[in-house]
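See structure below.
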Amino acid sequence: CMLMVRLGYLMVNCSEYYMEKAQQLHERERMIKAARGRILDANGTVLADNKTVCTVSVIHNQIREPDEIVEVLSRELDLSEEYVRKRVQKYSSIEKIKSNVEKETGDRIRSYDLAGVKVDEDYKRYYPYDTLASKVLGFTGGDNQGIIGLEVKYEEVLKGTEGTILTVTDARGVELATGGEERVEPIPGKDLYISMDRNIQSYATQLARQVMETKEAERVSIIVINPRNGELYAMVDVPEFDLNHPYDLGEAGEGVSEEQKQELLNQMWRNGCINDTYEPGSTFKIITTAAAFEEGVVSLKDRFHCPGYKIVEDRRIRCHKVGGHGAEDFAQGIMNSCNPVFIELGLRLGSEKYYSYFKQFGLLQKTNVDLPGEAATIMHNPKNIGQVELATISFGQSFQITPVQLATTVSSIINGGNRVTPHFGAYVTDEKGKKVKTFKYETTEGIVSEKTSETVRMLLEKVVSEGTGKNSAIKGFSIGGKTATSQTLPRSANKYIASFLGFAPADDPKVLGLVIINDPKGVYYGGTIAAPVMKEIFENVLPYLEIEQKE
């Protein structure tokens, strides 16, 4: 009677629990990877795609000829027999031998019809253009999950949902032929369309590599952005790396420890446009100019005198022209990139007021570009900004910002005063190509007045047409811009950064570009080596964007 009561209790009250346990014993589940969403440029060119590959596994209880399996798999997968045998002999429900196997190899293994060997098709990320935009696109790991770049930033959009294959086995773990197979199909990820233009990115990359080679530079970075809305057309940071072999360090990776190898990989993957800060030098004079006109401490009629230096407290701060520029008005001061003129502007503003413009312009916060790892501005504590610090800040030294921060802030000043958010993400489509989401980005209006914006544009056009930026001038186009040559820390290393920031058309900017050349050998002046690079970019990009050339 007690046994019958106990049996009744188990059959009625615990039936669901033991039914679930039985299913777990008799069902074997294998995952089916979902196709990851593609990444496409503004013209619909595929920049990140999927390639069909296979995962080869063994099921211990179903193996009949272990020696044959070891011989076949070690040969076809180019693995040691010891490695394969260890996994074949391991008692587990399913043991993975190798993933990301080429489909042709997987098909050959399947043709052997070896009991206990499973070949499941899944997907591997594939990048048709190898190194193009590697530090922007990023790559995926063995589990098809984003590691860096857009791949990780838009992981939720791209990843999809995995499917499953359920098979029924007997008590020994052997699949039952009559049990059938139950499949839950995977749901593919969505496609991400970005503002990058492959043609602009390719051309900018080509120029960056040429400059890096001819000037034996350490690194060359180029940003091309729409200053009206923050759409990024290109972001280059050479040397780049092969997205299809992101862990290949070449000779640099030989004979180093795993810790050193990881550090080298981190450096190789690092995007200098957003992850690193630098002293912007004279390109930052654009910000000083905007703040001074906003505050009303300077006018176009103001006169200055440059003897080649300016004494601030006990410090003699020199101009790049040792003999000085002599008497000049403000327009001439910016055309000459005269340090004493901008030191005077900084002193007129005062540290407290100047710092408030840093906040107003958005320089003390990140740009929120849709890439991971953006660095923040490195700025003095406002309590520690004395007269000397204020003087050096005014012409772009003694603090650091990212290249994308500089491009964004200047875009916001010249576009009429609207702080934009730099971005790549445009919209998302489903597997049928239907648009399911359009990304929107924050804009802060009125960081400068329209009048100040117009004045800055006019002055920067003069820098190109008559001043230090003349090497970027293009016949038939009005170009605005600013050159810069800054020195890296420590100063004793005598390493320089040459840069040029330009935009066009000067009166109604539709495209802005920033070129930064790190540690060039030989001539290192921004107006000499960086401005011509921007000229070549604009000569190709402006007609491509259908910006009309004037007679």
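Letters for chains follow the order of the structure tokens (A, B, ...), residue numbers begin at 1 for each chain, and ligand numbers begin at 1 in the order shown.
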
Let's see if you can do this: from backbone DSSP, list all alpha helix (DSSP H) residues in stretch 16-212 of chain A, as a PyMOL selection string. chain A and resi 16-26+66-76+81-88+103-111+134-137+149-153+155-158+198-212

Give me the residues of stretch 221-257 of chain A that have any atom at most 12 Å from an atom of stretch 516-521 of chain A; for each, the nearest atom pair and the distance in Å, rounded to one decimal. Use only C-alpha atoms, sort by chain and number, and format it as a tab-separated table.
```
residue	atom	partner	partner_atom	distance
A:Ser221	CA	A:Ile516	CA	5.1
A:Ile222	CA	A:Ile516	CA	6.4
A:Ile223	CA	A:Ile516	CA	9.0
A:Val224	CA	A:Ile516	CA	12.0
A:Met235	CA	A:Ile516	CA	11.6
A:Val236	CA	A:Ile516	CA	10.2
A:Asp237	CA	A:Ile516	CA	9.4
A:Val238	CA	A:Ile517	CA	10.0
A:Pro239	CA	A:Asn518	CA	11.7
```

Next, write the just-selected residues to a file, as a CSV table (one decimal), in the first residue's frame, keeping all heavy atoms as the atom set.
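So selection_36.csv came out as:
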```
chain,number,residue,atom,x,y,z
A,221,SER,N,46.3,60.1,-39.9
A,221,SER,CA,44.9,60.1,-39.6
A,221,SER,C,44.1,61.1,-40.5
A,221,SER,O,44.6,62.2,-40.6
A,221,SER,CB,44.5,60.3,-38.1
A,221,SER,OG,45.2,59.4,-37.3
A,222,ILE,N,43.0,60.7,-41.0
A,222,ILE,CA,42.2,61.5,-41.9
A,222,ILE,C,40.7,61.3,-41.5
A,222,ILE,O,40.2,60.2,-41.4
A,222,ILE,CB,42.4,61.3,-43.4
A,222,ILE,CG1,43.8,61.5,-43.8
A,222,ILE,CG2,41.4,62.1,-44.2
A,222,ILE,CD1,44.1,61.2,-45.2
A,223,ILE,N,40.0,62.4,-41.3
A,223,ILE,CA,38.6,62.4,-41.0
A,223,ILE,C,37.9,63.3,-42.1
A,223,ILE,O,38.4,64.4,-42.4
A,223,ILE,CB,38.2,63.0,-39.6
A,223,ILE,CG1,38.8,62.0,-38.5
A,223,ILE,CG2,36.7,63.1,-39.5
A,223,ILE,CD1,38.6,62.6,-37.1
A,224,VAL,N,36.8,62.8,-42.7
A,224,VAL,CA,36.0,63.6,-43.6
A,224,VAL,C,34.6,63.5,-43.1
A,224,VAL,O,34.0,62.4,-42.9
A,224,VAL,CB,36.1,63.0,-45.1
A,224,VAL,CG1,35.3,63.9,-46.0
A,224,VAL,CG2,37.6,62.9,-45.5
A,235,MET,N,36.9,57.8,-42.2
A,235,MET,CA,37.8,57.9,-41.0
A,235,MET,C,38.9,56.9,-41.2
A,235,MET,O,38.8,55.7,-41.2
A,235,MET,CB,37.0,57.5,-39.7
A,235,MET,CG,37.9,57.7,-38.5
A,235,MET,SD,37.0,57.3,-37.0
A,235,MET,CE,36.0,58.8,-36.8
A,236,VAL,N,40.1,57.4,-41.4
A,236,VAL,CA,41.3,56.7,-41.7
A,236,VAL,C,42.3,56.8,-40.6
A,236,VAL,O,42.5,57.9,-40.1
A,236,VAL,CB,41.9,57.1,-43.1
A,236,VAL,CG1,43.2,56.3,-43.4
A,236,VAL,CG2,40.9,57.0,-44.2
A,237,ASP,N,43.0,55.7,-40.3
A,237,ASP,CA,44.1,55.8,-39.3
A,237,ASP,C,45.1,54.7,-39.7
A,237,ASP,O,45.0,53.6,-39.2
A,237,ASP,CB,43.5,55.5,-37.9
A,237,ASP,CG,44.6,55.8,-36.8
A,237,ASP,OD1,45.2,56.8,-36.8
A,237,ASP,OD2,44.7,54.9,-35.9
A,238,VAL,N,46.0,55.1,-40.6
A,238,VAL,CA,47.0,54.1,-41.0
A,238,VAL,C,48.2,54.1,-40.1
A,238,VAL,O,48.5,55.2,-39.5
A,238,VAL,CB,47.4,54.3,-42.5
A,238,VAL,CG1,46.3,54.1,-43.4
A,238,VAL,CG2,48.0,55.7,-42.6
A,239,PRO,N,48.9,52.9,-39.8
A,239,PRO,CA,48.6,51.7,-40.5
A,239,PRO,C,47.3,51.0,-40.0
A,239,PRO,O,47.0,51.0,-38.8
A,239,PRO,CB,49.8,50.8,-40.1
A,239,PRO,CG,50.3,51.4,-38.8
A,239,PRO,CD,50.0,52.9,-38.9
```

12 Å contact set for A:Lys383, only C-alpha atoms, chain neighbours under 5 positions out, as a list in words: Ser351, Glu352, Tyr355, Glu389 and Leu390 of chain A

Applying 10 Å and only C-alpha atoms, which residues near A:Thr443 remain after dropping the ones on its own chain fewer than 4 positions away? List them as a list in words. Asn229, Gly230, Ser412, Asn418, Arg419, Val420 and Thr421 of chain A

Take the selection from the previous step and output its residues with N, CA and C atoms, as a PDB file, in the first residue's frame.
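Here's the written file result-v5.pdb:
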```pdb
ATOM      1  N   ASN A 229      25.457  67.911 -40.421  1.00  0.00           N
ATOM      2  CA  ASN A 229      24.705  66.942 -39.617  1.00  0.00           C
ATOM      3  C   ASN A 229      25.576  65.906 -38.900  1.00  0.00           C
ATOM      4  N   GLY A 230      26.888  65.958 -39.091  1.00  0.00           N
ATOM      5  CA  GLY A 230      27.775  65.037 -38.389  1.00  0.00           C
ATOM      6  C   GLY A 230      27.988  63.699 -39.051  1.00  0.00           C
ATOM      7  N   SER A 412      30.759  72.507 -35.862  1.00  0.00           N
ATOM      8  CA  SER A 412      29.662  73.176 -35.163  1.00  0.00           C
ATOM      9  C   SER A 412      29.801  74.698 -35.194  1.00  0.00           C
ATOM     10  N   ASN A 418      25.555  75.126 -34.647  1.00  0.00           N
ATOM     11  CA  ASN A 418      24.817  73.968 -34.125  1.00  0.00           C
ATOM     12  C   ASN A 418      25.773  72.810 -33.856  1.00  0.00           C
ATOM     13  N   ARG A 419      25.889  72.447 -32.579  1.00  0.00           N
ATOM     14  CA  ARG A 419      26.777  71.350 -32.185  1.00  0.00           C
ATOM     15  C   ARG A 419      26.179  70.031 -32.656  1.00  0.00           C
ATOM     16  N   VAL A 420      26.877  69.340 -33.564  1.00  0.00           N
ATOM     17  CA  VAL A 420      26.380  68.090 -34.136  1.00  0.00           C
ATOM     18  C   VAL A 420      27.027  66.900 -33.425  1.00  0.00           C
ATOM     19  N   THR A 421      26.445  65.728 -33.619  1.00  0.00           N
ATOM     20  CA  THR A 421      27.018  64.487 -33.105  1.00  0.00           C
ATOM     21  C   THR A 421      27.614  63.715 -34.265  1.00  0.00           C
TER      22      THR A 421
END
```

Using atom CA of A:Lys103 and atom CA of A:Val53 as the two end points, give the distance in Å to one decimal.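 Atom CA of A:Val53 lies 4.8 Å from atom CA of A:Lys103.
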
As a PyMOL selection string, please: all residues of stretch 131-307 of chain A that backbone DSSP puts in strand (DSSP E or B). chain A and resi 140+146+161+163-169+175+181-184+187+191-194+219-225+231-238+278+303-306

Pick out the closest residue to A:Asp329 from this set: A:Ala217, A:Ile413, A:Ser453, A:Leu459. Count only C-alpha atoms.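 Using only C-alpha atoms, A:Asp329 sits closest to A:Leu459.
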
Got a sec: who's within 9 Å of A:Val456, counting only C-alpha atoms, leaving out chain neighbours fewer than 2 positions off, as a list in words?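 My reading of the contact set: Ile286, Thr289, Ala290, Phe293, Ile413, Ile414, Lys451, Thr452, Ser453, Glu454, Met458, Leu459, Leu460 and Glu461 of chain A.
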
Mind checking which residues fall within 10 Å of A:Asp130, counting only C-alpha atoms, ignoring those fewer than 2 positions away in the same chain, and posting them as a PyMOL selection string? chain A and resi 47-48+126-128+132-134+240-246

Quote the spacing between atom CA of A:Ile63 and atom CA of A:Arg110 in Å to one decimal place. 14.4 Å

Please identify every residue of stretch 300-401 of chain A that has at least one atom no farther than 10 Å from an atom of stretch 478-494 of chain A, counting only C-alpha atoms, and for each give the shortest atom pair and the distance in Å to one decimal, arranged by chain then increasing number, as CSV.
```
residue,atom,partner,partner_atom,distance
A:His320,CA,A:Thr485,CA,9.4
A:Ile334,CA,A:Lys482,CA,8.7
A:Met335,CA,A:Lys482,CA,8.5
A:Asn336,CA,A:Thr483,CA,9.9
A:Ser337,CA,A:Thr483,CA,8.0
A:Phe395,CA,A:Ala484,CA,9.7
A:Gly396,CA,A:Ser486,CA,8.2
A:Gln397,CA,A:Ser486,CA,7.7
A:Ser398,CA,A:Leu489,CA,9.8
```

Write out, as a PDB file, in the first residue's frame, the residues just selected, with N, CA, C and O atoms.
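Saved the output as result-v8.pdb:
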```pdb
ATOM      1  N   HIS A 320      56.124  81.393 -34.167  1.00  0.00           N
ATOM      2  CA  HIS A 320      56.841  80.474 -35.060  1.00  0.00           C
ATOM      3  C   HIS A 320      57.770  81.230 -36.002  1.00  0.00           C
ATOM      4  O   HIS A 320      58.759  80.688 -36.497  1.00  0.00           O
ATOM      5  N   ILE A 334      45.529  85.865 -38.134  1.00  0.00           N
ATOM      6  CA  ILE A 334      45.102  84.465 -38.316  1.00  0.00           C
ATOM      7  C   ILE A 334      45.678  83.890 -39.603  1.00  0.00           C
ATOM      8  O   ILE A 334      46.015  82.710 -39.676  1.00  0.00           O
ATOM      9  N   MET A 335      45.839  84.737 -40.639  1.00  0.00           N
ATOM     10  CA  MET A 335      46.461  84.267 -41.875  1.00  0.00           C
ATOM     11  C   MET A 335      47.915  83.871 -41.636  1.00  0.00           C
ATOM     12  O   MET A 335      48.418  82.920 -42.216  1.00  0.00           O
ATOM     13  N   ASN A 336      48.589  84.621 -40.759  1.00  0.00           N
ATOM     14  CA  ASN A 336      49.987  84.336 -40.431  1.00  0.00           C
ATOM     15  C   ASN A 336      50.138  83.284 -39.338  1.00  0.00           C
ATOM     16  O   ASN A 336      51.244  82.859 -39.033  1.00  0.00           O
ATOM     17  N   SER A 337      49.006  82.894 -38.737  1.00  0.00           N
ATOM     18  CA  SER A 337      49.017  81.965 -37.601  1.00  0.00           C
ATOM     19  C   SER A 337      49.969  82.474 -36.514  1.00  0.00           C
ATOM     20  O   SER A 337      50.799  81.740 -35.978  1.00  0.00           O
ATOM     21  N   PHE A 395      46.688  79.102 -28.203  1.00  0.00           N
ATOM     22  CA  PHE A 395      47.182  78.690 -29.520  1.00  0.00           C
ATOM     23  C   PHE A 395      47.359  77.177 -29.629  1.00  0.00           C
ATOM     24  O   PHE A 395      48.093  76.664 -30.447  1.00  0.00           O
ATOM     25  N   GLY A 396      46.640  76.439 -28.764  1.00  0.00           N
ATOM     26  CA  GLY A 396      46.487  75.001 -28.947  1.00  0.00           C
ATOM     27  C   GLY A 396      47.516  74.112 -28.298  1.00  0.00           C
ATOM     28  O   GLY A 396      47.724  72.978 -28.749  1.00  0.00           O
ATOM     29  N   GLN A 397      48.156  74.566 -27.228  1.00  0.00           N
ATOM     30  CA  GLN A 397      49.124  73.728 -26.528  1.00  0.00           C
ATOM     31  C   GLN A 397      48.783  73.622 -25.051  1.00  0.00           C
ATOM     32  O   GLN A 397      47.962  74.360 -24.543  1.00  0.00           O
ATOM     33  N   SER A 398      49.419  72.651 -24.389  1.00  0.00           N
ATOM     34  CA  SER A 398      49.314  72.357 -22.951  1.00  0.00           C
ATOM     35  C   SER A 398      47.997  71.683 -22.562  1.00  0.00           C
ATOM     36  O   SER A 398      47.680  71.573 -21.382  1.00  0.00           O
TER      37      SER A 398
END
```

Do you have the atom CA of A:Leu249-atom CA of A:Leu265 distance handy? 7.2 Å

Distance criterion (only C-alpha atoms): nearest to A:Thr105 out of A:Val448, A:Leu73, A:Ala292, A:Met11: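 Among the listed residues, the smallest separation from A:Thr105 belongs to A:Leu73.
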
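With only C-alpha atoms as the atoms that count, the residue of A:Asp122, A:Glu548, A:Glu431, A:Asp113 with the shortest distance to A:Pro188 is A:Glu431.
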
Close residues, A:Arg198 itself excluded, 10 Å, only C-alpha atoms, min 6 positions apart in chain, as a ChimeraX atom specification: /A:40-47,129,132-133,204,233-234

Could you save the residues just selected, with C-alpha atoms, as a PDB file, in the first residue's frame?
```pdb
ATOM      1  CA  LEU A  40      26.788  48.522 -46.009  1.00  0.00           C
ATOM      2  CA  ASP A  41      28.060  51.972 -46.992  1.00  0.00           C
ATOM      3  CA  ALA A  42      25.990  54.992 -48.089  1.00  0.00           C
ATOM      4  CA  ASN A  43      25.775  53.612 -51.650  1.00  0.00           C
ATOM      5  CA  GLY A  44      24.788  50.094 -50.614  1.00  0.00           C
ATOM      6  CA  THR A  45      28.266  48.586 -51.062  1.00  0.00           C
ATOM      7  CA  VAL A  46      28.739  45.645 -48.687  1.00  0.00           C
ATOM      8  CA  LEU A  47      31.648  46.265 -46.299  1.00  0.00           C
ATOM      9  CA  TYR A 129      37.951  44.917 -48.776  1.00  0.00           C
ATOM     10  CA  LEU A 132      39.612  49.141 -45.621  1.00  0.00           C
ATOM     11  CA  ALA A 133      38.208  51.032 -42.602  1.00  0.00           C
ATOM     12  CA  ALA A 204      41.676  58.961 -48.244  1.00  0.00           C
ATOM     13  CA  TYR A 233      32.144  60.005 -44.850  1.00  0.00           C
ATOM     14  CA  ALA A 234      35.571  58.600 -44.002  1.00  0.00           C
TER      15      ALA A 234
END
```

May I ask which of the residues A:Thr288, A:Ser282, A:Gln360, A:Asn271 is the closest one to A:Ile497, counting only C-alpha atoms?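 Looking only at the distances to A:Ile497, the closest residue turns out to be A:Ser282.
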
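With distances restricted to only C-alpha atoms, A:Glu539 is the closest residue to A:Ala504 from A:Glu539, A:Asp302, A:Glu251, A:Asp107.
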